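This report concerns only the one structure given below.
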Amino acid sequence: MTIYWERCDFCGQHNATRECTMFPGNYVCPHCCLACMNRPVCPNPVWKFAFELRPATRPTRKTAGKEALLDLLSKLEEGK
Ligand SMILES: [Zn+2]
């Protein structure tokens, strides 16, 4: 299988690219697609990321992760 690396029309770096939905004829790499200012209004971003497929838990994720870690640490301390 051959992977074609094209030059991104937005950042100019050689990367995996797909044709942009908002600007047909331009090829965009995942980084530029994610950082694109038109992304909120883009009908179909060509690069999709795993976290976008899940329900939005972003504001609470950091706190929940910290609490889970503290809980795990307290359990480890109790065990010893
Ligand atoms: Zn790019």
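Naming scheme: A, B, ... for chains in displayed order of the structure tokens; residues 1 onward per chain; ligands 1 onward as shown.
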
Chain A residues near ligand 1 within 6 Å, closest pair each, using only C-alpha atoms and all ligand atoms, as CSV:
residue,atom,partner,partner_atom_place_in_ligand_line,distance
A:Cys8,CA,ligand 1,1 (Zn),4.6
A:Phe10,CA,ligand 1,1 (Zn),4.9
A:Cys11,CA,ligand 1,1 (Zn),4.0
A:Val28,CA,ligand 1,1 (Zn),5.4
A:Cys29,CA,ligand 1,1 (Zn),4.3
A:His31,CA,ligand 1,1 (Zn),5.6
A:Cys32,CA,ligand 1,1 (Zn),4.3

Exercise. Which residues come within 12 Å of Glu19 in chain A, counting only C-alpha atoms, excluding same-chain residues fewer than 6 positions away, as a PyMOL selection string?
Worked result: chain A and resi 6-10+25-30+32-33+44-47

For this session: Would you mind telling me which residue in A:Ala64, A:Leu76, A:Leu70, A:Cys42 lies nearest to Thr21 in chain A when using only C-alpha atoms?
Result: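 Ranking A:Ala64, A:Leu76, A:Leu70, A:Cys42 by distance to Thr21 in chain A, first place goes to A:Cys42.
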